[in-house]
$ cat input-v2.txt   # compact mmCIF, C-alpha atoms and all ligand atoms
# COMPACT_ATOMS: atom_id res chain seq x y z
CA MET X 157 34.25 11.06 28.33
CA SER X 158 33.85 9.77 24.81
CA THR X 159 35.68 11.03 21.77
CA HIS X 160 33.96 12.31 18.63
CA ALA X 161 34.84 9.07 16.85
CA GLU X 162 33.21 7.04 19.61
CA ASP X 163 30.15 9.30 19.49
CA ASP X 164 29.88 8.65 15.76
CA VAL X 165 30.06 4.89 16.26
CA ILE X 166 27.48 4.98 19.05
CA ALA X 167 25.18 7.13 16.91
CA ALA X 168 25.61 4.82 13.92
CA VAL X 169 24.95 1.69 15.99
CA SER X 170 21.84 3.09 17.61
CA ALA X 171 20.52 4.39 14.28
CA ASP X 172 21.14 0.94 12.84
CA ALA X 173 19.39 -0.76 15.75
CA ALA X 174 16.45 1.61 15.43
CA SER X 175 16.12 1.07 11.70
CA SER X 176 16.39 -2.73 11.86
CA ALA X 177 13.86 -2.80 14.71
CA ALA X 178 11.49 -0.70 12.61
CA LEU X 179 12.05 -2.96 9.62
CA ALA X 180 11.47 -6.36 11.16
CA ALA X 181 9.29 -7.97 8.50
CA PRO X 182 5.64 -7.75 9.50
CA ASN X 183 3.26 -10.70 9.34
CA ALA X 184 1.66 -10.16 5.94
CA ASP X 185 -1.69 -11.84 6.68
CA ARG X 186 -2.16 -10.06 9.98
CA ALA X 187 -1.15 -6.68 8.56
CA VAL X 188 -3.57 -7.03 5.63
CA ALA X 189 -6.44 -8.26 7.84
CA ASN X 190 -5.94 -5.35 10.24
CA ARG X 191 -6.57 -2.98 7.36
CA THR X 192 -9.25 -4.77 5.33
CA ARG X 193 -11.49 -5.33 8.34
CA THR X 194 -11.82 -1.55 8.67
CA PHE X 195 -13.11 -1.21 5.08
CA ASP X 196 -16.69 -1.31 3.84
CA THR X 197 -15.87 -4.11 1.40
CA PRO X 198 -19.41 -4.55 -0.04
CA ARG X 199 -19.36 -0.82 -0.87
CA LEU X 200 -15.90 -1.11 -2.47
CA ARG X 201 -17.07 -4.11 -4.47
CA LYS X 202 -19.91 -1.99 -5.90
CA ASP X 203 -17.47 0.80 -6.71
CA PHE X 204 -15.15 -1.70 -8.43
CA ALA X 205 -17.99 -3.02 -10.61
CA ALA X 206 -19.44 0.44 -11.37
CA GLN X 207 -16.01 1.62 -12.56
CA GLY X 208 -15.68 -1.24 -15.03
CA ALA X 209 -13.43 -3.43 -12.82
CA PHE X 210 -11.28 -0.65 -11.36
CA LEU X 211 -10.68 0.63 -7.85
CA TYR X 212 -8.32 3.21 -6.36
CA LEU X 213 -7.68 3.55 -2.63
CA GLU X 214 -5.33 6.26 -1.46
CA ASP X 215 -4.57 4.57 1.87
CA PHE X 216 -4.51 0.78 1.76
CA LEU X 217 -1.40 -0.81 3.26
CA ALA X 218 -0.54 -0.93 6.95
CA SER X 219 2.25 1.57 7.67
CA GLU X 220 4.71 -1.18 8.70
CA VAL X 221 4.13 -2.91 5.35
CA THR X 222 4.70 0.32 3.44
CA ALA X 223 7.93 0.90 5.40
CA GLN X 224 9.12 -2.61 4.54
CA LEU X 225 8.38 -2.09 0.83
CA ILE X 226 10.20 1.25 0.76
CA HIS X 227 13.21 -0.39 2.41
CA SER X 228 13.20 -3.22 -0.16
CA ALA X 229 12.73 -0.87 -3.12
CA ARG X 230 15.81 1.11 -2.08
CA ALA X 231 17.83 -2.02 -1.28
CA LEU X 232 17.14 -3.44 -4.76
CA LEU X 233 18.25 -0.35 -6.72
CA ASP X 234 21.41 -2.15 -7.92
CA GLU X 235 19.27 -5.01 -9.30
CA VAL X 236 17.14 -2.84 -11.57
CA ASN X 237 16.98 -3.91 -15.21
CA ARG X 238 16.66 -0.80 -17.43
CA ASN X 239 14.59 -0.88 -20.62
CA TYR X 240 13.90 1.57 -23.41
CA LEU X 241 11.34 1.01 -26.13
CA PRO X 242 11.20 4.19 -28.26
CA GLY X 243 7.75 5.72 -28.17
CA HIS X 244 6.37 3.26 -25.65
CA LYS X 245 8.30 2.87 -22.43
CA GLN X 246 11.42 3.78 -20.55
CA GLY X 247 12.15 2.68 -17.02
CA GLY X 248 13.46 -0.07 -14.80
CA SER X 249 12.10 -3.24 -13.25
CA VAL X 250 13.00 -5.96 -10.79
CA SER X 251 11.32 -9.29 -11.45
CA ARG X 252 9.94 -11.86 -9.04
CA HIS X 253 13.03 -14.01 -9.41
CA THR X 254 15.22 -11.29 -7.91
CA ILE X 255 12.56 -10.47 -5.31
CA ASP X 256 12.48 -14.14 -4.26
CA ARG X 257 16.21 -14.03 -3.58
CA LEU X 258 16.49 -10.64 -1.97
CA ALA X 259 13.09 -9.45 -0.69
CA PRO X 260 11.09 -12.53 0.38
CA PHE X 261 8.56 -10.44 2.34
CA ILE X 262 7.16 -9.20 -0.98
CA ALA X 263 6.58 -12.80 -2.08
CA GLU X 264 4.87 -13.49 1.23
CA LEU X 265 2.60 -10.47 0.79
CA TYR X 266 1.77 -11.60 -2.76
CA ARG X 267 0.63 -15.00 -1.47
CA SER X 268 -1.20 -13.63 1.57
CA LYS X 269 -4.50 -15.50 1.89
CA GLU X 270 -6.02 -12.43 3.50
CA LEU X 271 -5.01 -10.27 0.56
CA ILE X 272 -6.17 -12.75 -2.08
CA GLY X 273 -9.45 -13.37 -0.22
CA TRP X 274 -10.18 -9.64 -0.08
CA LEU X 275 -9.38 -9.18 -3.79
CA GLU X 276 -11.73 -12.08 -4.55
CA GLN X 277 -14.49 -10.26 -2.70
CA LEU X 278 -13.84 -7.13 -4.76
CA SER X 279 -13.63 -8.88 -8.12
CA GLY X 280 -16.17 -11.63 -7.55
CA ASP X 281 -13.67 -14.03 -9.15
CA LYS X 282 -11.72 -16.93 -7.69
CA LEU X 283 -8.10 -15.80 -7.96
CA GLN X 284 -4.89 -17.77 -8.27
CA VAL X 285 -1.27 -16.73 -8.08
CA SER X 286 0.53 -16.61 -11.43
CA PRO X 287 2.71 -19.56 -12.51
CA VAL X 288 6.30 -19.66 -11.22
CA ASP X 289 7.82 -18.76 -14.59
CA ASP X 290 5.83 -15.54 -14.99
CA PRO X 291 8.19 -12.66 -14.13
CA HIS X 292 5.22 -10.26 -13.77
CA ALA X 293 3.64 -12.27 -10.94
CA TYR X 294 5.19 -9.72 -8.62
CA ALA X 295 7.59 -7.06 -9.79
CA LEU X 296 8.88 -3.63 -8.84
CA TYR X 297 8.81 -0.87 -11.46
CA TYR X 298 11.24 2.05 -11.20
CA TYR X 299 10.88 5.54 -12.69
CA THR X 300 14.17 7.13 -11.71
CA ARG X 301 15.45 9.02 -14.76
CA PRO X 302 13.94 11.98 -16.60
CA GLY X 303 11.45 10.74 -19.17
CA ASP X 304 10.83 7.35 -17.54
CA HIS X 305 7.25 6.44 -18.38
CA ILE X 306 5.01 3.85 -19.98
CA GLY X 307 2.62 4.71 -22.81
CA TRP X 308 -1.06 3.80 -23.14
CA HIS X 309 -1.66 0.05 -22.87
CA TYR X 310 -3.74 -2.72 -21.33
CA ASP X 311 -2.27 -5.38 -19.05
CA THR X 312 -3.35 -7.96 -21.60
CA SER X 313 -4.00 -11.46 -20.34
CA TYR X 314 -2.12 -14.12 -22.29
CA TYR X 315 -3.71 -16.68 -19.99
CA ASP X 316 -6.90 -18.58 -20.74
CA GLY X 317 -8.68 -16.62 -18.00
CA ARG X 318 -8.69 -13.08 -16.68
CA ARG X 319 -5.59 -11.31 -15.38
CA TYR X 320 -5.96 -8.83 -12.53
CA THR X 321 -3.35 -6.24 -11.61
CA LEU X 322 -2.87 -4.96 -8.09
CA LEU X 323 -0.64 -1.90 -8.10
CA LEU X 324 0.78 -0.69 -4.78
CA GLY X 325 2.44 2.69 -4.35
CA VAL X 326 5.90 2.34 -2.74
CA ILE X 327 7.90 5.54 -3.34
CA ASP X 328 6.54 8.67 -4.97
CA ASP X 329 8.88 11.62 -5.04
CA SER X 330 7.72 12.39 -8.55
CA SER X 331 5.22 14.19 -10.75
CA CYS X 332 4.27 10.90 -12.47
CA ARG X 333 0.58 10.20 -12.77
CA LEU X 334 -1.32 7.05 -13.57
CA ASP X 335 -3.74 8.20 -16.27
CA TYR X 336 -6.55 5.80 -17.14
CA GLU X 337 -9.73 5.41 -19.13
CA LEU X 338 -12.62 3.39 -17.77
CA HIS X 339 -15.18 1.47 -19.84
CA THR X 340 -13.20 1.54 -23.13
CA ARG X 341 -14.16 -2.07 -23.83
CA ASN X 342 -17.81 -1.56 -22.96
CA PRO X 343 -19.78 -0.06 -25.87
CA ASP X 344 -22.78 0.64 -23.62
CA VAL X 345 -20.96 3.03 -21.28
CA PRO X 346 -19.12 6.21 -22.35
CA ASP X 347 -15.35 6.18 -21.74
CA ARG X 348 -14.44 7.96 -18.52
CA PRO X 349 -10.91 9.35 -18.14
CA GLY X 350 -9.22 9.67 -14.76
CA SER X 351 -5.80 10.31 -13.25
CA VAL X 352 -4.23 9.54 -9.88
CA GLN X 353 -0.91 10.06 -8.19
CA ILE X 354 -0.45 7.00 -6.00
CA PRO X 355 1.12 7.72 -2.62
CA PRO X 356 3.14 5.08 -0.70
CA GLY X 357 0.64 2.54 0.61
CA GLY X 358 -2.02 3.42 -1.98
CA LEU X 359 -3.72 0.77 -4.14
CA VAL X 360 -5.05 0.42 -7.65
CA PHE X 361 -6.80 -2.83 -8.56
CA PHE X 362 -8.14 -3.61 -12.02
CA ASP X 363 -8.89 -6.18 -14.70
CA GLY X 364 -5.90 -5.85 -17.04
CA ASP X 365 -7.91 -6.33 -20.22
CA LYS X 366 -10.39 -3.59 -19.29
CA LEU X 367 -8.32 -0.66 -18.07
CA ARG X 368 -6.49 1.47 -20.62
CA HIS X 369 -3.71 3.20 -18.71
CA ARG X 370 -0.30 4.86 -18.82
CA VAL X 371 2.26 6.41 -16.46
CA THR X 372 3.31 9.95 -17.41
CA PRO X 373 7.03 10.82 -17.75
CA ALA X 374 9.18 11.49 -14.68
CA GLY X 375 10.97 14.83 -14.43
CA ALA X 376 14.57 15.51 -13.37
CA ASN X 377 15.61 14.31 -9.89
CA GLU X 378 12.38 12.39 -9.41
CA MET X 379 11.82 8.87 -8.17
CA ARG X 380 8.77 6.68 -8.30
CA VAL X 381 8.60 2.98 -7.46
CA SER X 382 5.49 0.87 -7.68
CA LEU X 383 4.92 -2.78 -6.86
CA THR X 384 2.53 -4.82 -8.95
CA PHE X 385 0.96 -8.17 -8.20
CA GLU X 386 -0.70 -10.20 -10.94
CA TYR X 387 -3.45 -12.72 -10.20
CA VAL X 388 -5.20 -14.94 -12.72
CA THR X 389 -8.44 -16.88 -12.91
CA ASP X 390 -6.94 -19.67 -15.04
CA PRO X 391 -3.15 -20.12 -15.13
CA ASN X 392 -3.16 -22.11 -18.37
CA MET X 393 -1.56 -20.49 -21.39
CA ARG X 394 -1.55 -21.77 -24.98
CA PRO X 395 1.99 -22.32 -26.33
CA TRP X 396 1.93 -19.61 -29.01
CA ARG X 397 0.64 -17.07 -26.49
CA ARG X 398 3.39 -18.13 -24.09
CA PHE X 399 5.96 -17.48 -26.80
CA ILE X 400 4.59 -13.97 -27.45
CA SER X 401 4.42 -13.27 -23.73
CA ASN X 402 8.02 -14.42 -23.16
CA MET X 403 9.35 -12.34 -26.04
CA LYS X 404 7.50 -9.28 -24.79
CA ASP X 405 8.91 -9.72 -21.29
CA ALA X 406 12.43 -10.22 -22.61
CA ILE X 407 12.34 -7.16 -24.86
CA ALA X 408 10.22 -4.76 -22.84
CA TYR X 409 10.89 -5.62 -19.22
CA PHE X 410 13.33 -8.03 -17.70
CA GLY X 411 15.92 -8.86 -20.38
CA PHE X 412 16.55 -12.07 -22.31
CA ARG X 413 19.00 -13.46 -19.80
CA GLN X 414 16.57 -13.28 -16.89
CA VAL X 415 13.51 -14.58 -18.78
CA PHE X 416 15.20 -17.39 -20.69
CA ARG X 417 17.52 -18.48 -17.88
CA GLN X 418 14.37 -19.20 -15.84
CA LEU X 419 12.81 -21.13 -18.70
CA ALA X 420 16.00 -23.14 -19.20
CA ALA X 421 16.13 -23.94 -15.48
CA ARG X 422 12.53 -25.08 -15.61
CA GLY X 423 13.27 -27.28 -18.62
CA LYS X 424 16.12 -28.94 -16.71
CA ASP X 425 13.86 -29.55 -13.70
CA ARG X 426 11.43 -31.35 -15.94
CA ALA X 427 14.06 -33.39 -17.75
FE FE X 501 0.14 -1.69 -16.97

$ encode --input "input-v2.txt" --output "structure tokens"
Amino acid sequence: MSTHAEDDVIAAVSADAASSAALAAPNADRAVANRTRTFDTPRLRKDFAAQGAFLYLEDFLASEVTAQLIHSARALLDEVNRNYLPGHKQGGSVSRHTIDRLAPFIAELYRSKELIGWLEQLSGDKLQVSPVDDPHAYALYYYTRPGDHIGWHYDTSYYDGRRYTLLLGVIDDSSCRLDYELHTRNPDVPDRPGSVQIPPGGLVFFDGDKLRHRVTPAGANEMRVSLTFEYVTDPNMRPWRRFISNMKDAIAYFGFRQVFRQLAARGKDRA
């Protein structure tokens, strides 16, 4: 007969075994292909174009991928860099450099040929991953305190080519909404406002220079985490634009230490 203490240990061990079995990292390419082959991609491509380079899908990721992302988002809570820009944004983020160290599955998903190939079909553009020193290439964004939000903005491309954003819902125990306006840069089409609440596994894909968007403020005891991937059509960046981009990242997102430590490391590699 076992004691209560032994029962607790047995319960803890089996719960642990169950959770690690459930969280064995999936194969990113296979998981993406299993989903995308069920979609009517030519239809989605038309939708993307008709909406001025914007698409929302409520149910995109395979459930094992969503589970893996939720696990990583919770595991990285201690790594979150908090930022506050009065009147514009308040929230937390974890950059690619931390993800590379602690959640390599996310980096694998970002580079998935199946994922990139499908996004190329949607956009009609040849897509490339962002350069290694771009902290936005893949990043987690946390809305965990009351008032966390980001005001109206575009995901402006500082690159010579276009910059696409893929936003994946990870955790949404919140009232936050992604509000957006389509066609704002197209004088021939009236602006069209919209708003979505992105559930875990949901997708938003858009051309960063075309979609005006914001995330509305979180309430008390709410939590929202999204994962964004950035792809570019030309990874070159002129030096003065790089300077502006680095300053913006340091102030608004990831902190000076993280952004400039990476740049210093890169300088040393080159020396
Ligand atoms: Fe954005």

$ residues_around --input "input-v2.txt" --residues "Ser249 in chain X" --least-positions-apart "2" --cutoff "6 Å" --atoms "all atoms listed in the file" --output "PyMOL selection string"
chain X and resi 236-237+296-298

$ residues_around --input "input-v2.txt" --residues "Asp329 in chain X" --least-positions-apart "4" --cutoff "6 Å" --atoms "all atoms listed in the file" --output "list in words"
Glu378, Met379 and Arg380 of chain X

$ closest_residue --input "input-v2.txt" --among "X:Gln246, X:Ser330, X:Ser313, X:Ser219" --to "Arg370 in chain X" --atoms "all atoms listed in the file"
X:Gln246

$ residues_around --input "input-v2.txt" --residues "range 289-294 of chain X" --least-positions-apart "3" --cutoff "6 Å" --atoms "all atoms listed in the file" --output "list in words"
Ser251, Arg252, Ser286, Thr384, Phe385 and Glu386 of chain X

$ residues_near_ligand --input "input-v2.txt" --ligand "ligand FE 501 (chain X)" --cutoff "10 Å" --atoms "only C-alpha atoms and all ligand atoms" --output "number ranges by chain"
X: 306-312, 321-323, 334, 362, 364-365, 367-371, 384

$ residues_around --input "input-v2.txt" --residues "range 183-193 of chain X" --least-positions-apart "2" --cutoff "9 Å" --atoms "all atoms listed in the file" --output "PDB file with C-alpha atoms, in the coordinates of the input"
ATOM      1  CA  ALA X 181       9.290  -7.970   8.500  1.00  0.00           C
ATOM      2  CA  PHE X 195     -13.110  -1.210   5.080  1.00  0.00           C
ATOM      3  CA  ASP X 196     -16.690  -1.310   3.840  1.00  0.00           C
ATOM      4  CA  THR X 197     -15.870  -4.110   1.400  1.00  0.00           C
ATOM      5  CA  PHE X 216      -4.510   0.780   1.760  1.00  0.00           C
ATOM      6  CA  LEU X 217      -1.400  -0.810   3.260  1.00  0.00           C
ATOM      7  CA  ALA X 218      -0.540  -0.930   6.950  1.00  0.00           C
ATOM      8  CA  SER X 219       2.250   1.570   7.670  1.00  0.00           C
ATOM      9  CA  GLU X 220       4.710  -1.180   8.700  1.00  0.00           C
ATOM     10  CA  VAL X 221       4.130  -2.910   5.350  1.00  0.00           C
ATOM     11  CA  PHE X 261       8.560 -10.440   2.340  1.00  0.00           C
ATOM     12  CA  ILE X 262       7.160  -9.200  -0.980  1.00  0.00           C
ATOM     13  CA  GLU X 264       4.870 -13.490   1.230  1.00  0.00           C
ATOM     14  CA  LEU X 265       2.600 -10.470   0.790  1.00  0.00           C
ATOM     15  CA  TYR X 266       1.770 -11.600  -2.760  1.00  0.00           C
ATOM     16  CA  ARG X 267       0.630 -15.000  -1.470  1.00  0.00           C
ATOM     17  CA  SER X 268      -1.200 -13.630   1.570  1.00  0.00           C
ATOM     18  CA  LYS X 269      -4.500 -15.500   1.890  1.00  0.00           C
ATOM     19  CA  GLU X 270      -6.020 -12.430   3.500  1.00  0.00           C
ATOM     20  CA  LEU X 271      -5.010 -10.270   0.560  1.00  0.00           C
ATOM     21  CA  TRP X 274     -10.180  -9.640  -0.080  1.00  0.00           C
TER      22      TRP X 274
END

$ atom_distance --input "input-v2.txt" --atom1 "CA of Pro349 in chain X" --atom2 "CA of Gly208 in chain X"
12.0 Å

$ residues_near_point --input "input-v2.txt" --point "(12.8, -12.0, -15.5)" --cutoff "9 Å" --atoms "only C-alpha atoms" --output "ChimeraX atom specification"
/X:250-254,289-292,405-406,409-418

$ atom_distance --input "input-v2.txt" --atom1 "CA of Leu233 in chain X" --atom2 "CA of Ser382 in chain X"
12.9 Å

$ residues_near_point --input "input-v2.txt" --point "(-17.6, -3.1, -22.8)" --cutoff "12 Å" --atoms "all atoms listed in the file" --output "ChimeraX atom specification"
/X:207-209,338-347,365-367

$ atom_distance --input "input-v2.txt" --atom1 "CA of Leu211 in chain X" --atom2 "CA of Val288 in chain X"
26.7 Å

$ closest_residue --input "input-v2.txt" --among "X:Ala206, X:Leu241, X:Ile354, X:Ala259" --to "His305 in chain X" --atoms "only C-alpha atoms"
X:Leu241

$ closest_residue --input "input-v2.txt" --among "X:Leu324, X:Ala223, X:Asp234, X:Arg397" --to "Val360 in chain X" --atoms "only C-alpha atoms"
X:Leu324

$ closest_residue --input "input-v2.txt" --among "X:Ala263, X:Leu383, X:Leu213, X:Cys332" --to "Gly358 in chain X" --atoms "all atoms listed in the file"
X:Leu213

$ closest_residue --input "input-v2.txt" --among "X:Asp215, X:Tyr336, X:Arg230, X:Gly303" --to "Pro242 in chain X" --atoms "only C-alpha atoms"
X:Gly303

$ closest_residue --input "input-v2.txt" --among "X:Tyr212, X:Tyr314, X:Phe361, X:Tyr320" --to "Trp396 in chain X" --atoms "all atoms listed in the file"
X:Tyr314

$ residues_around --input "input-v2.txt" --residues "Val326 in chain X" --least-positions-apart "5" --cutoff "7 Å" --atoms "all atoms listed in the file" --output "MDAnalysis selection string"
chainID X and resid 222 225:226 356:357 381:383

$ write_last_selection --input "input-v2.txt" --atoms "C-alpha atoms" --output "PDB file, keeping the file's coordinate frame"
ATOM      1  CA  THR X 222       4.700   0.320   3.440  1.00  0.00           C
ATOM      2  CA  LEU X 225       8.380  -2.090   0.830  1.00  0.00           C
ATOM      3  CA  ILE X 226      10.200   1.250   0.760  1.00  0.00           C
ATOM      4  CA  PRO X 356       3.140   5.080  -0.700  1.00  0.00           C
ATOM      5  CA  GLY X 357       0.640   2.540   0.610  1.00  0.00           C
ATOM      6  CA  VAL X 381       8.600   2.980  -7.460  1.00  0.00           C
ATOM      7  CA  SER X 382       5.490   0.870  -7.680  1.00  0.00           C
ATOM      8  CA  LEU X 383       4.920  -2.780  -6.860  1.00  0.00           C
TER       9      LEU X 383
END

$ build_atoms --input "input-v2.txt" --residues "range 395-406 of chain X" --atoms "N, CA and C atoms" --output "JSON list (two decimals), in the coordinates of the input"
[["chain", "number", "residue", "atom", "x", "y", "z"],
["X", 395, "PRO", "N", 0.55, -22.48, -26.03],
["X", 395, "PRO", "CA", 1.99, -22.32, -26.33],
["X", 395, "PRO", "C", 2.33, -21.09, -27.15],
["X", 396, "TRP", "N", 1.55, -20.76, -28.18],
["X", 396, "TRP", "CA", 1.93, -19.61, -29.01],
["X", 396, "TRP", "C", 1.77, -18.32, -28.23],
["X", 397, "ARG", "N", 0.79, -18.26, -27.33],
["X", 397, "ARG", "CA", 0.64, -17.07, -26.49],
["X", 397, "ARG", "C", 1.81, -16.97, -25.51],
["X", 398, "ARG", "N", 2.26, -18.13, -25.02],
["X", 398, "ARG", "CA", 3.39, -18.13, -24.09],
["X", 398, "ARG", "C", 4.64, -17.58, -24.79],
["X", 399, "PHE", "N", 4.81, -17.96, -26.05],
["X", 399, "PHE", "CA", 5.96, -17.48, -26.80],
["X", 399, "PHE", "C", 5.90, -15.96, -26.93],
["X", 400, "ILE", "N", 4.73, -15.44, -27.31],
["X", 400, "ILE", "CA", 4.59, -13.97, -27.45],
["X", 400, "ILE", "C", 4.85, -13.29, -26.11],
["X", 401, "SER", "N", 4.28, -13.86, -25.07],
["X", 401, "SER", "CA", 4.42, -13.27, -23.73],
["X", 401, "SER", "C", 5.89, -13.25, -23.29],
["X", 402, "ASN", "N", 6.61, -14.36, -23.54],
["X", 402, "ASN", "CA", 8.02, -14.42, -23.16],
["X", 402, "ASN", "C", 8.86, -13.42, -23.94],
["X", 403, "MET", "N", 8.58, -13.29, -25.22],
["X", 403, "MET", "CA", 9.35, -12.34, -26.04],
["X", 403, "MET", "C", 9.11, -10.91, -25.56],
["X", 404, "LYS", "N", 7.85, -10.62, -25.25],
["X", 404, "LYS", "CA", 7.50, -9.28, -24.79],
["X", 404, "LYS", "C", 8.23, -8.97, -23.47],
["X", 405, "ASP", "N", 8.23, -9.94, -22.57],
["X", 405, "ASP", "CA", 8.91, -9.72, -21.29],
["X", 405, "ASP", "C", 10.40, -9.52, -21.48],
["X", 406, "ALA", "N", 10.98, -10.31, -22.40],
["X", 406, "ALA", "CA", 12.43, -10.22, -22.61],
["X", 406, "ALA", "C", 12.81, -8.87, -23.21]]
